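Trainee: Before I ask anything, here is the structure I am working with.
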Amino acid sequence: MRQSQLFTRIERNAPKDEATVNAQLLVRAGFVSKLMAGDYSYLPLGLRVLNKIENIVREEMNAVGGEEIKMPQLHPKANWVTTGGWDKVDVLFKLKSRTDKEYALGQSEEEVVTPLVMKYVNTYKDLPKAVYQIHWKFRDELRSKSGLLRGVEFLMKDMYSFHADQKDFDRFYEVVKKAYLKIFARLGLVAKVTEASGGAFSEKISYEFMVLTDAGEDDILYCDACEFCVNVEIAKQKEGDKCPKCGKGKLAKARASEVGNVFDLGQRFVKAFDMGFMNEKGEKQYPIMGCFGLGISRVMGVIVEKCNDKNGILWPESVAPFRVHLLALNGVDGAGVYNDLQKAGIEVLYDDRDVTPGVKFAEADLIGIPWRAVVSPKTGADVEIKARSGNDAVTMSVKEFIKKLSSN
RNA sequence: CGGGCCGUCGUAUACCGGUAGUACGCCUGUUUUGGGUACAGGUAGACUGGGUUCGAUUCCCAGCGGCCCGACCA
């Protein structure tokens with residue numbers, strides 16, 4: 001893409017009403033624009049990042065057998081009354097039609113997915129099933145905050161699974177847990193699997209996937225020797241205590257942001273809708289249901305919180321809006337290099353604007369594309385390459401650069 | 001929702017009870033050309049509604065909006 005075509009522009013000053021790093025950098029660089037507190041437009045650069053995160057999640061959900069669907073965001077009141085959520089879920093947005101019919105905006109989709117999937121589940125032979133969607137969620141938060149980290153409208157992957165028995169749910173949980181850890185690794189994040197409360201609708205503990213960052217809203221205790229990690233809201237231990245799991249390590253306290261979670265929903269929802277299946281003996285039984293959430297837009301904010309320096313963002317290659325930022329300096333035409341890179345299947349943002357080199361360098365650092373390629377009177381037919389994360393620039397032919405990128 | 005702070009060109013800021021200045025941006029021209037080049041000219045602003053006052057962008061009240069802390073976040 002030619003940068004001159006972007007309708008957005010980089011701001012030199014950070015917006016005064018954004019305090020978190022993710023909001024400041026993403027707004028300044030033109031990835032997102034705030035419509036109101038907790039609600040952002042995703043602009044061309046930002047949407048590319050969001051789509052990349054989404055696709056990584058989609059690949060891994062497909063790999064564990066999830067079937068992608070898209071459910072309505074506008075829900076009839078009746079489904080929420082059936083489960084009791086209409087009165088109990090505080091964050092539920094409720095609205096009325098002009099004929100006084102009442103609706104809810106989806107903040108999670110058990111009320112829709114349960115009757116939907118169970119319509120097709122008649123016997124144990126139809127189980128297990130896992131369906132998911134990647135869709136916008138609405139939550140009537142009392143206070144949105146921290147840029148993309150807590151919005152009233154946010155993009156979430158939510159998968160729902162149905163199992164004939166607890167054992168099968170436990171098996172699937174382990175499968176998804178591995179998939180989640182793989183997803184976060186691909187996104188350049190380290191997530192800790194954290195024991196947490198199951199919330200009002202599940203008596204069991206849930207597991208949260210936490211990324212350590214001061215911009216987060218959760219406090220966790222984690223073992224410095226093993227994988228034990230617990231949300232302080234249910235922790236029986238305190239900072240400095242011995243790890244209850246391995247007995248060797250000590251528990252450290254940290255701030256974290258919840259990027260994913262897993263709930264064992266038990267039979268609550270299927271019972272509420274009275275939707276069961278027939279077991280081998282011909283008896284009616286209710287499945288065990290699981291819910292697996294992953295906040296796509298929040299992940300985007302968390303990545304920026306983790307990957308930045310004083311000059312701007314450093315996107316991991318897997319989610320960067322483009323792989324290469326081509327800067328044409330001092331009147332040199334970079335179109336040839338641009339075409340060569342594109343022909344090689346490399347995503348390029350080509351800064352073809354008529355601005356001074358300093359501006360291009362500064363804005364390239366802010367946008368944070370992993371590779372910077374410069375063509376100028378100095379480089380001749382070659383390109384000068386620098387990683388956003390590094391300090392050293394090297395000059396090579398376009399061919400060599402393409403080779404280098406394809407070997408990475 | 002409780003508490004705090006705040007609302008001035010597109011962005012960031014300044015001053016002021018007698019209606020606003022600066023920087024960046026943007027437009028025009030010259031200049032410059034490897035880390036936000038320099039100069040000149042131009043463009044553009046007091047959230048809304050009440051009140052006090054001869055006069056309000058400034059003071060007071062309300063509304064709307066934003067940020068932060070807390071609570072909340074099946």
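Labeling convention for the structure tokens: chains A, B, ... as they appear, residues from 1 per chain, ligands from 1 in order of appearance.
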As a list of chain:residue names, please: all residues of region 167-249 of chain A that backbone DSSP puts in helix (DSSP H, G or I).
Mentor: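 Filtering region 167-249 of chain A to helix (DSSP H, G or I) leaves A:Lys167, A:Asp168, A:Phe169, A:Asp170, A:Arg171, A:Phe172, A:Tyr173, A:Glu174, A:Val175, A:Val176, A:Lys177, A:Lys178, A:Ala179, A:Tyr180, A:Leu181, A:Lys182, A:Ile183, A:Phe184, A:Ala185, A:Arg186.
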Trainee: Would you list the contacts of G2 (chain B) as a list in words, taking every protein, DNA or RNA residue within 12 Å and counting only C-alpha atoms (C1' of nucleotides), but skipping same-chain residues closer than 4 positions in sequence?
Mentor: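 After dropping sequence-adjacent residues, the list is Leu142 of chain A; C69, G70, A71 and C72 of chain B.
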Trainee: Next, write the just-selected residues to a file, as a PDB file, in the first residue's frame, keeping N, CA and C atoms (P, O5', C5', C4', C3', O3' and C1' of nucleotides) as the atom set.
Mentor:
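Result saved to selection38.pdb:
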```pdb
ATOM      1  N   LEU A 142     -19.328  -0.046  33.834  1.00  0.00           N
ATOM      2  CA  LEU A 142     -19.494   1.223  34.530  1.00  0.00           C
ATOM      3  C   LEU A 142     -18.372   2.174  34.163  1.00  0.00           C
TER       4      LEU A 142
ATOM      5  P     C B  69      -6.219   4.310  36.943  1.00  0.00           P
ATOM      6  O5'   C B  69      -6.693   4.584  38.436  1.00  0.00           O
ATOM      7  C5'   C B  69      -5.761   4.950  39.433  1.00  0.00           C
ATOM      8  C4'   C B  69      -6.467   5.113  40.762  1.00  0.00           C
ATOM      9  C3'   C B  69      -7.421   3.988  41.148  1.00  0.00           C
ATOM     10  O3'   C B  69      -6.751   2.865  41.684  1.00  0.00           O
ATOM     11  C1'   C B  69      -8.473   6.052  41.512  1.00  0.00           C
ATOM     12  P     G B  70      -7.382   1.427  41.442  1.00  0.00           P
ATOM     13  O5'   G B  70      -8.731   1.472  42.273  1.00  0.00           O
ATOM     14  C5'   G B  70      -8.701   1.525  43.688  1.00  0.00           C
ATOM     15  C4'   G B  70     -10.074   1.762  44.241  1.00  0.00           C
ATOM     16  C3'   G B  70     -11.121   0.701  43.940  1.00  0.00           C
ATOM     17  O3'   G B  70     -11.013  -0.414  44.800  1.00  0.00           O
ATOM     18  C1'   G B  70     -12.058   2.847  43.596  1.00  0.00           C
ATOM     19  P     A B  71     -11.404  -1.857  44.246  1.00  0.00           P
ATOM     20  O5'   A B  71     -12.990  -1.768  44.105  1.00  0.00           O
ATOM     21  C5'   A B  71     -13.828  -1.752  45.260  1.00  0.00           C
ATOM     22  C4'   A B  71     -15.251  -1.442  44.853  1.00  0.00           C
ATOM     23  C3'   A B  71     -15.878  -2.409  43.854  1.00  0.00           C
ATOM     24  O3'   A B  71     -16.439  -3.544  44.477  1.00  0.00           O
ATOM     25  C1'   A B  71     -16.201  -0.211  43.103  1.00  0.00           C
ATOM     26  P     C B  72     -16.375  -4.948  43.736  1.00  0.00           P
ATOM     27  O5'   C B  72     -17.152  -4.675  42.384  1.00  0.00           O
ATOM     28  C5'   C B  72     -18.574  -4.524  42.361  1.00  0.00           C
ATOM     29  C4'   C B  72     -19.041  -4.173  40.970  1.00  0.00           C
ATOM     30  C3'   C B  72     -18.731  -5.210  39.902  1.00  0.00           C
ATOM     31  O3'   C B  72     -19.713  -6.239  39.863  1.00  0.00           O
ATOM     32  C1'   C B  72     -18.090  -3.088  39.120  1.00  0.00           C
TER      33        C B  72
END
```
Trainee: B:G42, B:G36, B:G29, B:G55: which is nearest chain A, counting only C-alpha atoms (C1' of nucleotides)?
Mentor: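 Using only C-alpha atoms (C1' of nucleotides), chain A sits closest to B:G36.
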Trainee: Which value, in Å to one decimal, gives the distance between C1' of G66 (chain B) and CA of Leu212 (chain A)?
Mentor: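 Value for the C1' of G66 (chain B)-CA of Leu212 (chain A) distance: 27.3 Å.
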Trainee: Pull out every residue of chain A that has at least one atom within 8 Å of chain B, counting only C-alpha atoms (C1' of nucleotides), and report them as a CSV table (one decimal) with C-alpha atoms, in the first residue's frame.
Mentor:
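Now in iface39.csv:
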```
chain,number,residue,atom,x,y,z
A,11,GLU,CA,-0.1,13.0,15.0
A,12,ARG,CA,3.0,14.4,16.5
A,13,ASN,CA,1.5,14.9,19.9
A,14,ALA,CA,0.0,12.2,22.0
A,15,PRO,CA,-3.7,12.8,22.7
A,16,LYS,CA,-4.1,14.4,26.1
A,17,ASP,CA,-7.1,12.3,27.1
A,18,GLU,CA,-5.4,8.9,26.7
A,19,ALA,CA,-3.1,7.8,29.5
A,37,ALA,CA,-15.0,6.0,25.9
A,85,GLY,CA,-29.3,-13.5,32.8
A,88,LYS,CA,-28.6,-11.1,36.8
A,89,VAL,CA,-26.1,-10.0,34.2
A,91,VAL,CA,-23.3,-5.6,32.0
A,141,GLU,CA,-19.3,-1.4,31.8
A,142,LEU,CA,-19.5,1.2,34.5
A,199,GLY,CA,-18.2,-16.1,38.2
A,200,ALA,CA,-21.8,-16.1,39.3
A,201,PHE,CA,-22.9,-18.7,36.7
A,202,SER,CA,-20.3,-21.4,37.4
A,329,LEU,CA,14.1,9.4,0.4
A,330,ASN,CA,15.0,12.6,-1.3
A,356,THR,CA,11.8,15.0,4.5
A,357,PRO,CA,13.8,11.9,5.6
A,358,GLY,CA,13.5,12.8,9.3
A,359,VAL,CA,9.7,12.7,9.1
A,361,PHE,CA,12.1,7.8,9.9
A,362,ALA,CA,10.2,9.1,12.9
```
Trainee: How would you write, as a ChimeraX atom specification, the set of residues in region 351-407 of chain A that DSSP gives as strand (DSSP E or B)?
Mentor: /A:351,371-375,383-387,393-396
Trainee: Write out, as a PDB file, in the first residue's frame, the residues just selected, with N, CA and C atoms.
Mentor:
```pdb
ATOM      1  N   ASP A 351       6.242   4.326   1.657  1.00  0.00           N
ATOM      2  CA  ASP A 351       6.156   5.749   1.972  1.00  0.00           C
ATOM      3  C   ASP A 351       6.650   6.556   0.781  1.00  0.00           C
ATOM      4  N   TRP A 371      10.353  -4.438   9.475  1.00  0.00           N
ATOM      5  CA  TRP A 371      11.521  -4.179   8.620  1.00  0.00           C
ATOM      6  C   TRP A 371      11.390  -2.846   7.922  1.00  0.00           C
ATOM      7  N   ARG A 372      12.453  -2.064   7.992  1.00  0.00           N
ATOM      8  CA  ARG A 372      12.481  -0.798   7.273  1.00  0.00           C
ATOM      9  C   ARG A 372      13.448  -0.919   6.105  1.00  0.00           C
ATOM     10  N   ALA A 373      12.972  -0.590   4.932  1.00  0.00           N
ATOM     11  CA  ALA A 373      13.830  -0.629   3.741  1.00  0.00           C
ATOM     12  C   ALA A 373      13.886   0.781   3.166  1.00  0.00           C
ATOM     13  N   VAL A 374      15.088   1.283   2.972  1.00  0.00           N
ATOM     14  CA  VAL A 374      15.253   2.648   2.478  1.00  0.00           C
ATOM     15  C   VAL A 374      15.872   2.629   1.086  1.00  0.00           C
ATOM     16  N   VAL A 375      15.283   3.420   0.198  1.00  0.00           N
ATOM     17  CA  VAL A 375      15.962   3.706  -1.073  1.00  0.00           C
ATOM     18  C   VAL A 375      16.200   5.212  -1.121  1.00  0.00           C
ATOM     19  N   VAL A 383      18.941  -1.654  -1.463  1.00  0.00           N
ATOM     20  CA  VAL A 383      18.101  -1.116  -0.398  1.00  0.00           C
ATOM     21  C   VAL A 383      18.851  -1.240   0.928  1.00  0.00           C
ATOM     22  N   GLU A 384      18.583  -0.284   1.787  1.00  0.00           N
ATOM     23  CA  GLU A 384      19.187  -0.327   3.113  1.00  0.00           C
ATOM     24  C   GLU A 384      18.162  -0.881   4.078  1.00  0.00           C
ATOM     25  N   ILE A 385      18.521  -1.918   4.780  1.00  0.00           N
ATOM     26  CA  ILE A 385      17.577  -2.641   5.632  1.00  0.00           C
ATOM     27  C   ILE A 385      17.895  -2.434   7.103  1.00  0.00           C
ATOM     28  N   LYS A 386      16.852  -2.191   7.858  1.00  0.00           N
ATOM     29  CA  LYS A 386      17.020  -2.125   9.310  1.00  0.00           C
ATOM     30  C   LYS A 386      15.814  -2.750   9.979  1.00  0.00           C
ATOM     31  N   ALA A 387      16.065  -3.555  10.989  1.00  0.00           N
ATOM     32  CA  ALA A 387      14.953  -4.092  11.774  1.00  0.00           C
ATOM     33  C   ALA A 387      14.489  -2.999  12.726  1.00  0.00           C
ATOM     34  N   ALA A 393      21.923  -0.908  10.331  1.00  0.00           N
ATOM     35  CA  ALA A 393      21.363  -0.973   8.992  1.00  0.00           C
ATOM     36  C   ALA A 393      22.386  -1.604   8.058  1.00  0.00           C
ATOM     37  N   VAL A 394      21.906  -2.456   7.186  1.00  0.00           N
ATOM     38  CA  VAL A 394      22.801  -3.044   6.190  1.00  0.00           C
ATOM     39  C   VAL A 394      22.208  -2.830   4.803  1.00  0.00           C
ATOM     40  N   THR A 395      23.080  -2.691   3.835  1.00  0.00           N
ATOM     41  CA  THR A 395      22.635  -2.464   2.466  1.00  0.00           C
ATOM     42  C   THR A 395      22.827  -3.745   1.659  1.00  0.00           C
ATOM     43  N   MET A 396      21.817  -4.073   0.904  1.00  0.00           N
ATOM     44  CA  MET A 396      21.881  -5.290   0.084  1.00  0.00           C
ATOM     45  C   MET A 396      20.994  -5.097  -1.133  1.00  0.00           C
TER      46      MET A 396
END
```
Trainee: When you draw a straight line from CA of Leu327 (chain A) to CA of Asp382 (chain A), how long is it in Å?
Mentor: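 So the two atoms, CA of Leu327 (chain A) and CA of Asp382 (chain A), lie 12.7 Å apart.
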Trainee: From the list A:Gly249, A:Pro287, A:Gly295, A:Gly331, which residue is nearest Val355 (chain A) when using only C-alpha atoms?
Mentor: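 Between A:Gly249, A:Pro287, A:Gly295, A:Gly331, the residue approaching Val355 (chain A) most closely is A:Gly331.
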Trainee: Find the residue from B:U8, B:U13, B:U30, B:U58 that sits nearest to G45 (chain B); use only C-alpha atoms (C1' of nucleotides) when measuring.
Mentor: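 Among B:U8, B:U13, B:U30, B:U58, it is B:U8 that comes nearest to G45 (chain B).
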Trainee: Between A:Asp333, A:Glu60, A:Glu400, A:Glu347, which residue has the minimum interatomic distance to Gly380 (chain A), considering only C-alpha atoms?
Mentor: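 Among the listed residues, A:Asp333 lies closest to Gly380 (chain A).
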Trainee: Skip Lys129 (chain A) itself and residues of its chain fewer than 6 positions away, then list as a list in words all residues within 12 Å of it, counting only C-alpha atoms (C1' of nucleotides).
Mentor: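 The residues that qualify are Val64, Gly65, Gly66, Glu67, Glu68, Val113, Thr114, Leu116, Val117, Met118, Tyr120, Val121, Asn122, Thr123, Met159, Tyr160, Ser161, Phe162, His163, Ala164, Asp168, Phe169, Phe172, Pro287, Ile288, Met289, Gly290 and Cys291 of chain A.
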Trainee: Using CA of Gly216 (chain A) and CA of Leu181 (chain A) as the two end points, give the distance in Å to one decimal.
Mentor: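 Calculated distance between CA of Gly216 (chain A) and CA of Leu181 (chain A) is 18.8 Å.
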Trainee: Between B:U31, B:A56, B:G3, B:G50, which residue has the minimum interatomic distance to U19 (chain B), considering only C-alpha atoms (C1' of nucleotides)?
Mentor: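 Residue with the minimum atom-to-atom distance to U19 (chain B): B:A56.
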Trainee: Env of region 324-326 of chain A: 12 Å cut, atoms = only C-alpha atoms (C1' of nucleotides), seq-sep filter 6 positions within chain, self excluded. Answer as an NGL selection string.
Mentor: :A and (1-3 or 315 or 317 or 332-342 or 345-353 or 360-361 or 363-376 or 383-388 or 398 or 401-402 or 405)
Trainee: Can I get the selected residues back with C-alpha atoms, as a JSON list (two decimals), in the first residue's frame?
Mentor:
```json
[["chain", "number", "residue", "atom", "x", "y", "z"],
["A", 1, "MET", "CA", 0.00, 0.00, 0.00],
["A", 2, "ARG", "CA", 1.15, 3.47, -0.80],
["A", 3, "GLN", "CA", 1.30, 5.60, 2.30],
["A", 315, "TRP", "CA", 4.92, -5.10, 16.18],
["A", 317, "GLU", "CA", 6.04, -9.99, 12.64],
["A", 332, "VAL", "CA", 14.14, 8.76, -5.33],
["A", 333, "ASP", "CA", 11.39, 6.64, -6.88],
["A", 334, "GLY", "CA", 10.84, 3.47, -4.88],
["A", 335, "ALA", "CA", 8.15, 2.06, -7.14],
["A", 336, "GLY", "CA", 10.48, -0.55, -8.65],
["A", 337, "VAL", "CA", 11.48, -1.95, -5.28],
["A", 338, "TYR", "CA", 7.88, -1.72, -4.13],
["A", 339, "ASN", "CA", 6.72, -3.82, -7.07],
["A", 340, "ASP", "CA", 9.51, -6.36, -6.65],
["A", 341, "LEU", "CA", 8.66, -6.89, -2.99],
["A", 342, "GLN", "CA", 4.96, -7.16, -3.69],
["A", 345, "GLY", "CA", 4.34, -11.82, -1.80],
["A", 346, "ILE", "CA", 5.65, -9.43, 0.81],
["A", 347, "GLU", "CA", 3.27, -6.93, 2.37],
["A", 348, "VAL", "CA", 4.75, -3.48, 1.95],
["A", 349, "LEU", "CA", 3.78, -0.06, 3.14],
["A", 350, "TYR", "CA", 5.48, 2.26, 0.67],
["A", 351, "ASP", "CA", 6.16, 5.75, 1.97],
["A", 352, "ASP", "CA", 6.01, 7.60, -1.32],
["A", 353, "ARG", "CA", 5.17, 10.94, 0.27],
["A", 360, "LYS", "CA", 9.71, 9.38, 7.39],
["A", 361, "PHE", "CA", 12.10, 7.83, 9.88],
["A", 363, "GLU", "CA", 6.85, 8.03, 11.59],
["A", 364, "ALA", "CA", 8.17, 4.64, 10.54],
["A", 365, "ASP", "CA", 9.43, 4.07, 14.07],
["A", 366, "LEU", "CA", 6.07, 5.12, 15.47],
["A", 367, "ILE", "CA", 4.09, 2.78, 13.21],
["A", 368, "GLY", "CA", 6.44, -0.03, 14.10],
["A", 369, "ILE", "CA", 6.60, -2.25, 11.02],
["A", 370, "PRO", "CA", 9.30, -4.92, 11.62],
["A", 371, "TRP", "CA", 11.52, -4.18, 8.62],
["A", 372, "ARG", "CA", 12.48, -0.80, 7.27],
["A", 373, "ALA", "CA", 13.83, -0.63, 3.74],
["A", 374, "VAL", "CA", 15.25, 2.65, 2.48],
["A", 375, "VAL", "CA", 15.96, 3.71, -1.07],
["A", 376, "SER", "CA", 17.79, 6.99, -1.53],
["A", 383, "VAL", "CA", 18.10, -1.12, -0.40],
["A", 384, "GLU", "CA", 19.19, -0.33, 3.11],
["A", 385, "ILE", "CA", 17.58, -2.64, 5.63],
["A", 386, "LYS", "CA", 17.02, -2.13, 9.31],
["A", 387, "ALA", "CA", 14.95, -4.09, 11.77],
["A", 388, "ARG", "CA", 12.66, -1.91, 13.89],
["A", 398, "VAL", "CA", 16.46, -6.29, -3.38],
["A", 401, "PHE", "CA", 16.44, -8.82, 0.91],
["A", 402, "ILE", "CA", 13.62, -10.94, -0.45],
["A", 405, "LEU", "CA", 12.71, -12.35, 4.39]]
```
Trainee: So which residues touch Val152 (chain A) within 10 Å, counting only C-alpha atoms (C1' of nucleotides), skipping near sequence neighbours fewer than 6 positions away, as a ChimeraX atom specification?
Mentor: /A:36-40,91,93,107,136-145
Trainee: Output N, CA and C atoms for every residue in that selection, as a compact mmCIF listing (two decimals), in the first residue's frame.
Mentor:
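Resulting contents of selection.txt:
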```txt
# COMPACT_ATOMS: atom_id res chain seq x y z
N MET A 36 -16.06 7.10 21.37
CA MET A 36 -16.44 7.48 22.73
C MET A 36 -15.64 6.57 23.67
N ALA A 37 -15.78 6.80 24.95
CA ALA A 37 -15.01 6.01 25.89
C ALA A 37 -15.25 4.52 25.65
N GLY A 38 -14.17 3.79 25.45
CA GLY A 38 -14.27 2.36 25.30
C GLY A 38 -14.78 1.89 23.95
N ASP A 39 -14.80 2.77 22.97
CA ASP A 39 -15.31 2.37 21.66
C ASP A 39 -14.48 3.03 20.56
N TYR A 40 -13.82 2.22 19.79
CA TYR A 40 -12.86 2.73 18.81
C TYR A 40 -13.19 2.28 17.39
N VAL A 91 -23.88 -6.30 33.19
CA VAL A 91 -23.28 -5.60 32.04
C VAL A 91 -24.10 -5.76 30.76
N PHE A 93 -26.45 -5.03 27.95
CA PHE A 93 -27.12 -3.88 27.34
C PHE A 93 -28.53 -4.32 26.95
N GLN A 107 -23.34 -10.03 25.01
CA GLN A 107 -22.12 -9.78 25.77
C GLN A 107 -21.36 -11.09 25.93
N TRP A 136 -18.17 -8.92 17.57
CA TRP A 136 -18.15 -7.83 18.53
C TRP A 136 -19.08 -8.12 19.70
N LYS A 137 -18.60 -7.80 20.88
CA LYS A 137 -19.38 -7.99 22.10
C LYS A 137 -19.66 -6.61 22.72
N PHE A 138 -20.77 -6.57 23.40
CA PHE A 138 -21.16 -5.31 24.05
C PHE A 138 -21.30 -5.53 25.55
N ARG A 139 -20.66 -4.70 26.32
CA ARG A 139 -20.82 -4.82 27.77
C ARG A 139 -21.00 -3.44 28.37
N ASP A 140 -22.04 -3.34 29.15
CA ASP A 140 -22.38 -2.07 29.78
C ASP A 140 -21.51 -1.87 31.02
N GLU A 141 -20.23 -1.61 30.76
CA GLU A 141 -19.27 -1.41 31.84
C GLU A 141 -19.57 -0.08 32.53
N LEU A 142 -19.33 -0.05 33.83
CA LEU A 142 -19.49 1.22 34.53
C LEU A 142 -18.37 2.17 34.16
N ARG A 143 -17.26 1.59 33.81
CA ARG A 143 -16.14 2.44 33.45
C ARG A 143 -15.24 1.75 32.42
N SER A 144 -15.27 2.27 31.21
CA SER A 144 -14.34 1.79 30.20
C SER A 144 -13.02 2.48 30.46
N LYS A 145 -11.93 1.82 30.09
CA LYS A 145 -10.64 2.45 30.36
C LYS A 145 -9.52 1.81 29.57
```
Trainee: With a distance cut-off of 10 Å and only C-alpha atoms (C1' of nucleotides), select the neighbouring residues of A20 (chain B), excluding the residue or stretch itself and same-chain residues fewer than 4 positions from it, and output the selection as a VMD selection string.
Mentor: chain B and resid 8 14 to 16 45 to 46 57
Trainee: Write the residues of the preceding selection, restricted to N, CA and C atoms (P, O5', C5', C4', C3', O3' and C1' of nucleotides), as a compact mmCIF listing (two decimals), in the first residue's frame.
Mentor:
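The result, stored in selection-v1.txt:
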```txt
# COMPACT_ATOMS: atom_id res chain seq x y z
P U B 8 -10.55 21.81 25.09
O5' U B 8 -10.56 23.38 24.88
C5' U B 8 -11.70 24.02 24.34
C4' U B 8 -11.29 25.30 23.71
C3' U B 8 -10.23 25.18 22.63
O3' U B 8 -10.80 24.82 21.38
C1' U B 8 -9.63 26.90 24.11
P A B 14 -1.18 24.88 29.49
O5' A B 14 -1.03 26.39 28.98
C5' A B 14 0.27 26.96 28.87
C4' A B 14 0.20 28.39 28.42
C3' A B 14 -0.77 29.31 29.16
O3' A B 14 -0.27 29.69 30.43
C1' A B 14 -0.78 29.78 26.83
P C B 15 -1.27 30.09 31.59
O5' C B 15 -1.74 31.54 31.15
C5' C B 15 -0.80 32.60 31.02
C4' C B 15 -1.46 33.79 30.38
C3' C B 15 -2.76 34.23 31.04
O3' C B 15 -2.53 35.02 32.18
C1' C B 15 -3.06 34.14 28.68
P C B 16 -3.59 34.94 33.41
O5' C B 16 -4.77 35.85 32.87
C5' C B 16 -4.50 37.20 32.47
C4' C B 16 -5.67 37.74 31.73
C3' C B 16 -7.03 37.54 32.40
O3' C B 16 -7.26 38.48 33.42
C1' C B 16 -7.20 36.94 30.13
P G B 45 -12.63 29.26 13.35
O5' G B 45 -12.20 28.63 14.75
C5' G B 45 -12.57 27.30 15.06
C4' G B 45 -12.23 27.02 16.49
C3' G B 45 -12.91 27.92 17.50
O3' G B 45 -14.21 27.47 17.78
C1' G B 45 -10.61 27.70 18.02
P A B 46 -15.24 28.33 18.60
O5' A B 46 -14.60 28.43 20.05
C5' A B 46 -15.39 28.07 21.18
C4' A B 46 -14.46 27.62 22.28
C3' A B 46 -15.13 27.53 23.66
O3' A B 46 -14.50 26.48 24.36
C1' A B 46 -13.37 29.08 23.73
P U B 57 -18.64 34.30 26.33
O5' U B 57 -17.37 33.38 26.09
C5' U B 57 -17.46 31.99 26.23
C4' U B 57 -16.18 31.43 26.77
C3' U B 57 -15.84 31.84 28.19
O3' U B 57 -16.48 31.00 29.13
C1' U B 57 -13.94 32.13 26.79
```
